[in-house]
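Asks: The structure that follows is given in the form of structure tokens.
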Amino acid sequence: MDLNKSIGNATQEIFQTMLMMEAQPGQQLTKRDEVFKDSVSAIVGMAGTGKAILAIHIPEPTALVITGSFLMMEVTEIDEDVKDAIGELANMVAGSVKADLTEQGHDFRLSIPSVVCGAEYEIDCPCDSDGVIVPFSIDGGDFLVEFHVQK
Amino acid sequence: MAKKVLIIDDSNTMRKIVTRSLRQAGLDFDTILEAGDGQAALDVLAGESVDIILSDINMPVMDGIEFLRQKQANDKIKDIPVVMITTEAGADILDQAKSLGAAGSIKKPFTPDQIQETLGGLL
């Protein structure tokens, strides 16, 4: 299964359908950052026939743009609405990727999204995993979507 | 006739999006009630009568499947149609929801047209 394509299609569909925005995928990254600064990250765990995580990392200004588009209002600070919106975004991307994995014979259940934000924080991922990291550009900033399946 | 809808989703953002989509779909409910999980929805339904329920599946405290189970066991509310709005579009979960009385399902992300198409026949 082409995870890069699955993440790209899922993210683009969500932005087109629910945010009325275009999300342009970039070249897949080969190295992941573990430390994020002034950002909002949402993580959805997947468990079943294997273990996986899907995470979205969004710089704060871009998170404000995305949340404002979701809620159709101006959002000026990182608050519970922003954390909720970015969590729901990760939930929808994870749901679409899960559907593609199910077609390949995998059986996963999704966790409730966890959201972290702050001036500087670290997010680990399973070191023995296969994964993809896809950067996206929208009118208002950039963000990353990463997906890792434990080997 | 005044129409009431109950939206169940743990995401405040998604409840607002569903509310907006109902209006965009031309489905003008007089009253839109909200609940953050299945238990909160049962609490709302203990005091309010609604015409239709839109429910997420993957929620904390009480998920959408357990909500359907408890609703089916309650004679006062078991006949209210429920449409699942969820990222959990797996056939196994949706079959389970259907067997517990769900009248339909809509996959996130969705458009107002999809909302109209699914709910139109149930109202």
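So you can find residues: chains in the structure tokens are A, B, ... in the order shown, residues in each start at 1, and ligands are numbered from 1 in order.
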I need the residues of chain B that end up classed as alpha helix (DSSP H) by DSSP on the backbone, written out as an MDAnalysis selection string.

Replies: chainID B and resid 12:24 38:45 64:72 91:99 112:120

Asks: So which bits of chain B end up strand (DSSP E or B) when you DSSP the backbone, as a ChimeraX atom specification?

Replies: /B:4-8,31-35,52-55,82-86,104-107

Asks: Determine which residues of chain A sit within 12 Å of chain B, taking into account only C-alpha atoms, and present them as a JSON list (two decimals) with C-alpha atoms, in the first residue's frame.

Replies:
```
[["chain", "number", "residue", "atom", "x", "y", "z"],
["A", 10, "ALA", "CA", -7.11, 11.83, 2.71],
["A", 11, "THR", "CA", -5.66, 15.20, 3.70],
["A", 12, "GLN", "CA", -6.55, 16.86, 0.41],
["A", 13, "GLU", "CA", -10.13, 15.56, 0.56],
["A", 14, "ILE", "CA", -10.63, 16.84, 4.12],
["A", 15, "PHE", "CA", -9.29, 20.29, 3.29],
["A", 16, "GLN", "CA", -11.38, 20.54, 0.11],
["A", 17, "THR", "CA", -14.58, 19.22, 1.67],
["A", 18, "MET", "CA", -14.61, 20.72, 5.15],
["A", 19, "LEU", "CA", -12.25, 23.69, 5.01],
["A", 20, "MET", "CA", -12.75, 24.87, 1.43],
["A", 44, "VAL", "CA", -4.14, 9.21, 16.97],
["A", 46, "MET", "CA", -4.18, 2.68, 16.05],
["A", 66, "ILE", "CA", -7.11, 25.96, 10.05],
["A", 67, "THR", "CA", -9.26, 26.33, 13.16],
["A", 68, "GLY", "CA", -10.67, 29.62, 11.86],
["A", 69, "SER", "CA", -11.65, 27.89, 8.62],
["A", 70, "PHE", "CA", -13.27, 24.99, 10.48],
["A", 71, "LEU", "CA", -15.28, 27.31, 12.71],
["A", 72, "MET", "CA", -15.76, 30.12, 10.17],
["A", 73, "MET", "CA", -14.58, 32.72, 12.66],
["A", 80, "GLU", "CA", -9.40, 24.56, 23.57],
["A", 81, "ASP", "CA", -11.11, 25.24, 20.21],
["A", 82, "VAL", "CA", -7.76, 24.99, 18.40],
["A", 83, "LYS", "CA", -6.77, 21.78, 20.20],
["A", 84, "ASP", "CA", -10.19, 20.29, 19.48],
["A", 85, "ALA", "CA", -10.10, 21.27, 15.79],
["A", 86, "ILE", "CA", -6.60, 19.91, 15.19],
["A", 87, "GLY", "CA", -7.51, 16.72, 17.07],
["A", 88, "GLU", "CA", -10.55, 16.28, 14.84],
["A", 89, "LEU", "CA", -8.41, 16.89, 11.75],
["A", 90, "ALA", "CA", -6.04, 14.10, 12.83],
["A", 91, "ASN", "CA", -9.02, 11.88, 13.60],
["A", 92, "MET", "CA", -10.42, 12.30, 10.08],
["A", 93, "VAL", "CA", -7.06, 11.68, 8.38],
["A", 94, "ALA", "CA", -6.52, 8.58, 10.55],
["A", 95, "GLY", "CA", -10.01, 7.32, 9.71],
["A", 96, "SER", "CA", -9.34, 7.59, 5.98],
["A", 97, "VAL", "CA", -5.93, 5.90, 6.23],
["A", 98, "LYS", "CA", -7.50, 3.19, 8.37],
["A", 99, "ALA", "CA", -10.10, 2.57, 5.64],
["A", 100, "ASP", "CA", -7.29, 2.05, 3.11],
["A", 101, "LEU", "CA", -5.47, -0.29, 5.51],
["A", 102, "THR", "CA", -8.68, -2.26, 6.08],
["A", 103, "GLU", "CA", -8.91, -2.86, 2.33],
["A", 105, "GLY", "CA", -6.61, -6.84, 5.27],
["A", 106, "HIS", "CA", -5.52, -4.92, 8.38],
["A", 107, "ASP", "CA", -7.87, -4.44, 11.31],
["A", 108, "PHE", "CA", -7.25, -1.33, 13.39],
["A", 109, "ARG", "CA", -9.26, 0.60, 15.97],
["A", 110, "LEU", "CA", -8.62, 4.29, 16.44],
["A", 111, "SER", "CA", -7.88, 5.96, 19.76],
["A", 112, "ILE", "CA", -9.36, 9.29, 20.80],
["A", 113, "PRO", "CA", -6.94, 12.00, 19.53]]
```

Asks: Smallest atom-to-atom distance to Leu22 in chain B: which of B:Leu54, B:Ser105, B:Gln39, B:Lys98, using only C-alpha atoms?

Replies: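 Nearest candidate to Leu22 in chain B out of B:Leu54, B:Ser105, B:Gln39, B:Lys98: B:Leu54.
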
Asks: Using only C-alpha atoms, pick whichever of B:Ile53, B:Gly121, B:Leu100, B:Ala25 has the shortest atom-to-atom distance to Lys4 in chain B.

Replies: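 Closest residue, counting only C-alpha atoms: B:Ile53.
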
Asks: Have a look at B:Val61, B:Ile8, B:Leu45, B:Ile32 and name the one nearest to Val83 in chain B; count only C-alpha atoms.

Replies: B:Ile8

Asks: Given only C-alpha atoms as the basis, pick out the residue of B:Leu123, B:Ala73, B:Leu6, B:Ile93 nearest to Ala40 in chain B.

Replies: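 Comparing B:Leu123, B:Ala73, B:Leu6, B:Ile93 against Ala40 in chain B, the winner is B:Leu6.
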
Asks: As an exercise, work out the distance from CA of Ser137 in chain A to CA of Asp113 in chain B in Å and give it to one decimal place.

Replies: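 So the answer is 27.5 Å.
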
Asks: Could you work out how far CA of Ala47 in chain A lies from CA of Ala41 in chain B, giving the answer in Å with one decimal?

Replies: 27.3 Å

Asks: Check the smallest atom-to-atom distance from each of A:Ile43, A:Ile78, A:Val145, A:Ile138 to Gln28 in chain A using only C-alpha atoms, then report the winner.

Replies: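 Going through A:Ile43, A:Ile78, A:Val145, A:Ile138 one by one, the smallest distance to Gln28 in chain A is for A:Val145.
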
Asks: When you look at Phe29 in chain B with a cut-off of 10 Å (counting only C-alpha atoms), what residues show up, excluding the ones that are within fewer than 3 positions of it in the same chain? I need them as a count of residues only.

Replies: 11

Asks: Could you jot down the CA of Asp142 in chain A to CA of Pro59 in chain A separation for me, Å, one decimal place?

Replies: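 Going from CA of Asp142 in chain A over to CA of Pro59 in chain A covers 7.5 Å.
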
Asks: Env of Asp33 in chain A: 9 Å cut, atoms = only C-alpha atoms, seq-sep filter 2 positions within chain, self excluded. Answer as a list in words.

Replies: Lys31, Val35, Phe36, Glu122 and Ile123 of chain A
